[in-house]
Amino acid sequence: MNDDVRNIVLGVLATGVSAAFGWLGRTYQWRRRLRRKQAFFGLPGSSECLLVVNKEAGGSTAVHRYDVFALLELCALIKDCGAHARILQHDQALQGFGDRTEFCVGGPGSNRRMAAHLATLLPGLTVNTDVERGPDQGSFLIGPERYRMEAGVEEYVILARLMVGEDCRPVFLFCGQRAITNQAATRYLARHYEQLGRRHRSGSFVLLLKVVNSQAYGPDVVELVADVTSAARTAPAAVEPAAT
């Protein structure tokens, strides 16, 4: 074997070794990122989670198209984690929480299970569910602050991950003032779960998001207003009756 042939063989071997190390490195990074994603959502491979769907406000069983879009985005996240979802109507999910990851979509006016979660897990958050139009219709009261919506211009949505015990799976809430804000919250979660995981690790969080000009931008332009975890999870002080 002359020097030229030997150099070619060594070059091919070096290229193969470099490619193998590169492939192993990318595989390691991919698996590490997948494990972090699974840990954040509480979705180990082949696990089952619960998707609780609401009904369209004012309807009987129909689901608003924006809520359908929100469910599709959640299904993509679940599939990426190697898990699978069981979809239930809000009035059929008659079970506790913590045994499996749950994604609950819709406000308390259209989702009975969301209403139960808010009363049990977020006593400091009140959602106005009045049917009649008014300045406070659909507004959020978080502690002393009230957040009113201007339909299509400025709307709010709660994005929450609630850990109900040390060995329990998380409950994710997407509670918006309109259906399009529910989709905005799921899209925000899909885009920012890595940052949220680094910031909150395995703990609970409750974020108040603002959807800006949805009539022009749809669910894409979302701003983080505040982390309201403490206020939302703290029950308001009881008002003592006046002395007679």
# chains A, B, ... in the order shown; residues from 1 in each chain; ligands from 1
$ closest_atom_pairs --of "segment 23-125 of chain A" --to "segment 210-220 of chain A" --cutoff "12 Å" --atoms "only C-alpha atoms" --output "Markdown table"
| residue | atom | partner | partner_atom | distance |
| --- | --- | --- | --- | --- |
| A:Tyr66 | CA | A:Pro219 | CA | 9.1 |
| A:Asp67 | CA | A:Pro219 | CA | 11.4 |
| A:Phe69 | CA | A:Pro219 | CA | 10.4 |
| A:Ala70 | CA | A:Pro219 | CA | 10.1 |
$ select_by_dssp --residues "segment 47-155 of chain A" --states "alpha helix (DSSP H)" --output "PyMOL selection string"
chain A and resi 65-80+112-121
$ residues_around --residues "segment 116-129 of chain A" --least-positions-apart "3" --cutoff "6 Å" --atoms "only C-alpha atoms" --output "compact mmCIF listing (two decimals) with all heavy atoms, in the first residue's frame"
# COMPACT_ATOMS: atom_id res chain seq x y z
N GLY A 109 -67.50 28.95 32.24
CA GLY A 109 -68.84 29.04 31.71
C GLY A 109 -69.17 27.95 30.71
O GLY A 109 -70.35 27.63 30.50
N ARG A 113 -65.61 21.13 34.43
CA ARG A 113 -64.43 20.66 35.16
C ARG A 113 -63.47 21.83 35.43
O ARG A 113 -62.84 21.87 36.49
CB ARG A 113 -63.73 19.56 34.38
CG ARG A 113 -62.61 18.86 35.17
CD ARG A 113 -62.19 17.58 34.50
NE ARG A 113 -61.05 16.95 35.16
CZ ARG A 113 -61.14 16.11 36.17
NH1 ARG A 113 -62.33 15.82 36.68
NH2 ARG A 113 -60.05 15.56 36.69
N GLN A 137 -68.32 41.38 31.82
CA GLN A 137 -68.57 40.05 31.27
C GLN A 137 -67.25 39.38 30.87
O GLN A 137 -66.45 39.93 30.12
CB GLN A 137 -69.47 40.13 30.04
CG GLN A 137 -69.86 38.76 29.49
CD GLN A 137 -70.67 38.86 28.21
OE1 GLN A 137 -70.46 39.78 27.42
NE2 GLN A 137 -71.59 37.93 28.01
N GLY A 138 -67.02 38.18 31.39
CA GLY A 138 -65.81 37.43 31.08
C GLY A 138 -64.56 37.92 31.78
O GLY A 138 -63.47 37.37 31.54
N SER A 139 -64.66 38.92 32.64
CA SER A 139 -63.47 39.49 33.27
C SER A 139 -62.89 38.55 34.31
O SER A 139 -63.56 37.68 34.86
CB SER A 139 -63.81 40.84 33.92
OG SER A 139 -64.73 40.66 34.98
N PHE A 140 -61.58 38.74 34.57
CA PHE A 140 -60.87 37.99 35.60
C PHE A 140 -60.68 38.88 36.82
O PHE A 140 -60.28 40.04 36.68
CB PHE A 140 -59.49 37.54 35.13
CG PHE A 140 -59.51 36.51 34.02
CD1 PHE A 140 -58.38 36.29 33.25
CD2 PHE A 140 -60.64 35.77 33.76
CE1 PHE A 140 -58.38 35.34 32.23
CE2 PHE A 140 -60.65 34.82 32.75
CZ PHE A 140 -59.52 34.61 31.98
N LEU A 141 -60.95 38.34 37.98
CA LEU A 141 -60.63 39.02 39.23
C LEU A 141 -59.58 38.18 39.94
O LEU A 141 -59.86 37.06 40.38
CB LEU A 141 -61.88 39.18 40.10
CG LEU A 141 -61.67 39.90 41.44
CD1 LEU A 141 -61.21 41.34 41.21
CD2 LEU A 141 -62.95 39.87 42.28
N ILE A 142 -58.36 38.72 40.01
CA ILE A 142 -57.24 38.02 40.63
C ILE A 142 -56.77 38.88 41.80
O ILE A 142 -56.16 39.93 41.60
CB ILE A 142 -56.10 37.78 39.64
CG1 ILE A 142 -56.63 37.08 38.38
CG2 ILE A 142 -55.00 36.95 40.28
CD1 ILE A 142 -55.60 36.95 37.28
N GLY A 143 -57.06 38.40 43.01
CA GLY A 143 -56.79 39.25 44.16
C GLY A 143 -57.62 40.52 44.04
O GLY A 143 -58.82 40.46 43.77
N ALA A 231 -51.22 35.00 44.08
CA ALA A 231 -52.55 35.61 44.24
C ALA A 231 -53.65 34.63 43.86
O ALA A 231 -54.68 34.54 44.53
CB ALA A 231 -52.64 36.87 43.39
N ALA A 232 -53.44 33.87 42.79
CA ALA A 232 -54.49 32.95 42.31
C ALA A 232 -54.68 31.77 43.25
O ALA A 232 -55.79 31.22 43.35
CB ALA A 232 -54.16 32.47 40.91
N ARG A 233 -53.64 31.36 43.95
CA ARG A 233 -53.73 30.18 44.82
C ARG A 233 -54.08 30.54 46.26
O ARG A 233 -54.21 29.65 47.10
CB ARG A 233 -52.43 29.39 44.78
CG ARG A 233 -52.02 28.94 43.40
CD ARG A 233 -50.90 27.93 43.43
NE ARG A 233 -51.39 26.63 43.90
CZ ARG A 233 -50.58 25.57 44.07
NH1 ARG A 233 -49.29 25.68 43.81
NH2 ARG A 233 -51.07 24.42 44.50
N THR A 234 -54.23 31.83 46.54
CA THR A 234 -54.57 32.27 47.89
C THR A 234 -56.03 32.65 47.95
O THR A 234 -56.48 33.54 47.21
CB THR A 234 -53.70 33.48 48.29
OG1 THR A 234 -52.32 33.13 48.18
CG2 THR A 234 -54.01 33.91 49.71
N ALA A 235 -56.77 32.00 48.81
CA ALA A 235 -58.20 32.29 48.94
C ALA A 235 -58.38 33.68 49.52
O ALA A 235 -57.63 34.10 50.41
CB ALA A 235 -58.87 31.25 49.83
N PRO A 236 -59.36 34.43 49.03
CA PRO A 236 -59.60 35.77 49.59
C PRO A 236 -60.03 35.68 51.05
O PRO A 236 -60.66 34.71 51.47
CB PRO A 236 -60.71 36.33 48.69
CG PRO A 236 -61.39 35.13 48.12
CD PRO A 236 -60.31 34.09 47.96
$ residues_around --residues "Val171 of chain A" --least-positions-apart "3" --cutoff "7 Å" --atoms "only C-alpha atoms" --output "number ranges by chain"
A: 101-103, 161-163
$ write_last_selection --atoms "N, CA, C and O atoms" --output "JSON list (two decimals), in the first residue's frame"
[["chain", "number", "residue", "atom", "x", "y", "z"],
["A", 101, "THR", "N", -51.48, 13.11, 33.74],
["A", 101, "THR", "CA", -51.45, 14.51, 33.31],
["A", 101, "THR", "C", -52.79, 14.87, 32.68],
["A", 101, "THR", "O", -53.37, 14.09, 31.93],
["A", 102, "GLU", "N", -53.25, 16.07, 33.00],
["A", 102, "GLU", "CA", -54.52, 16.54, 32.47],
["A", 102, "GLU", "C", -54.34, 17.90, 31.79],
["A", 102, "GLU", "O", -53.66, 18.78, 32.32],
["A", 103, "PHE", "N", -54.97, 18.05, 30.63],
["A", 103, "PHE", "CA", -55.04, 19.33, 29.93],
["A", 103, "PHE", "C", -56.51, 19.72, 29.86],
["A", 103, "PHE", "O", -57.31, 19.01, 29.23],
["A", 161, "ARG", "N", -49.89, 25.51, 35.24],
["A", 161, "ARG", "CA", -49.49, 24.14, 35.51],
["A", 161, "ARG", "C", -49.53, 23.97, 37.01],
["A", 161, "ARG", "O", -48.81, 24.64, 37.74],
["A", 162, "LEU", "N", -50.38, 23.06, 37.48],
["A", 162, "LEU", "CA", -50.60, 22.90, 38.91],
["A", 162, "LEU", "C", -50.15, 21.51, 39.34],
["A", 162, "LEU", "O", -50.61, 20.50, 38.79],
["A", 163, "MET", "N", -49.25, 21.47, 40.30],
["A", 163, "MET", "CA", -48.76, 20.22, 40.86],
["A", 163, "MET", "C", -49.50, 20.00, 42.17],
["A", 163, "MET", "O", -49.38, 20.80, 43.11]]
$ residues_around --residues "Asp167 of chain A" --least-positions-apart "6" --cutoff "12 Å" --atoms "only C-alpha atoms" --output "PyMOL selection string"
chain A and resi 42+97-101+202
$ residues_around --residues "Val225 of chain A" --least-positions-apart "2" --cutoff "8 Å" --atoms "only C-alpha atoms" --output "list of chain:residue names"
A:Leu207, A:Leu208, A:Leu209, A:Lys210, A:Glu223, A:Asp227
$ write_last_selection --atoms "N, CA, C and O atoms" --output "compact mmCIF listing (two decimals), in the first residue's frame"
# COMPACT_ATOMS: atom_id res chain seq x y z
N LEU A 207 -49.88 31.81 35.03
CA LEU A 207 -49.48 32.98 34.26
C LEU A 207 -50.71 33.67 33.67
O LEU A 207 -51.63 33.00 33.18
N LEU A 208 -50.71 34.98 33.73
CA LEU A 208 -51.74 35.77 33.07
C LEU A 208 -51.17 36.30 31.76
O LEU A 208 -50.18 37.03 31.76
N LEU A 209 -51.77 35.88 30.65
CA LEU A 209 -51.32 36.28 29.33
C LEU A 209 -52.35 37.23 28.70
O LEU A 209 -53.55 37.11 28.96
N LYS A 210 -51.86 38.11 27.86
CA LYS A 210 -52.73 39.03 27.12
C LYS A 210 -52.59 38.75 25.63
O LYS A 210 -51.47 38.73 25.10
N GLU A 223 -48.67 38.40 25.04
CA GLU A 223 -47.76 39.03 25.98
C GLU A 223 -47.96 38.44 27.37
O GLU A 223 -49.09 38.17 27.77
N ASP A 227 -46.90 36.89 36.52
CA ASP A 227 -46.98 35.60 37.19
C ASP A 227 -47.88 35.81 38.41
O ASP A 227 -47.50 36.51 39.35
$ closest_residue --among "A:Ala83, A:Leu71, A:Ala179, A:Ala184" --to "Lys37 of chain A" --atoms "only C-alpha atoms"
A:Ala83
$ atom_distance --atom1 "atom CA of Glu155 of chain A" --atom2 "atom CA of Val52 of chain A"
22.4 Å
$ closest_residue --among "A:Ala160, A:Leu34, A:Leu13, A:Cys75" --to "Glu194 of chain A" --atoms "only C-alpha atoms"
A:Leu34
$ closest_residue --among "A:Ala85, A:Cys104, A:Ala14, A:Gln29" --to "Pro170 of chain A" --atoms "only C-alpha atoms"
A:Cys104
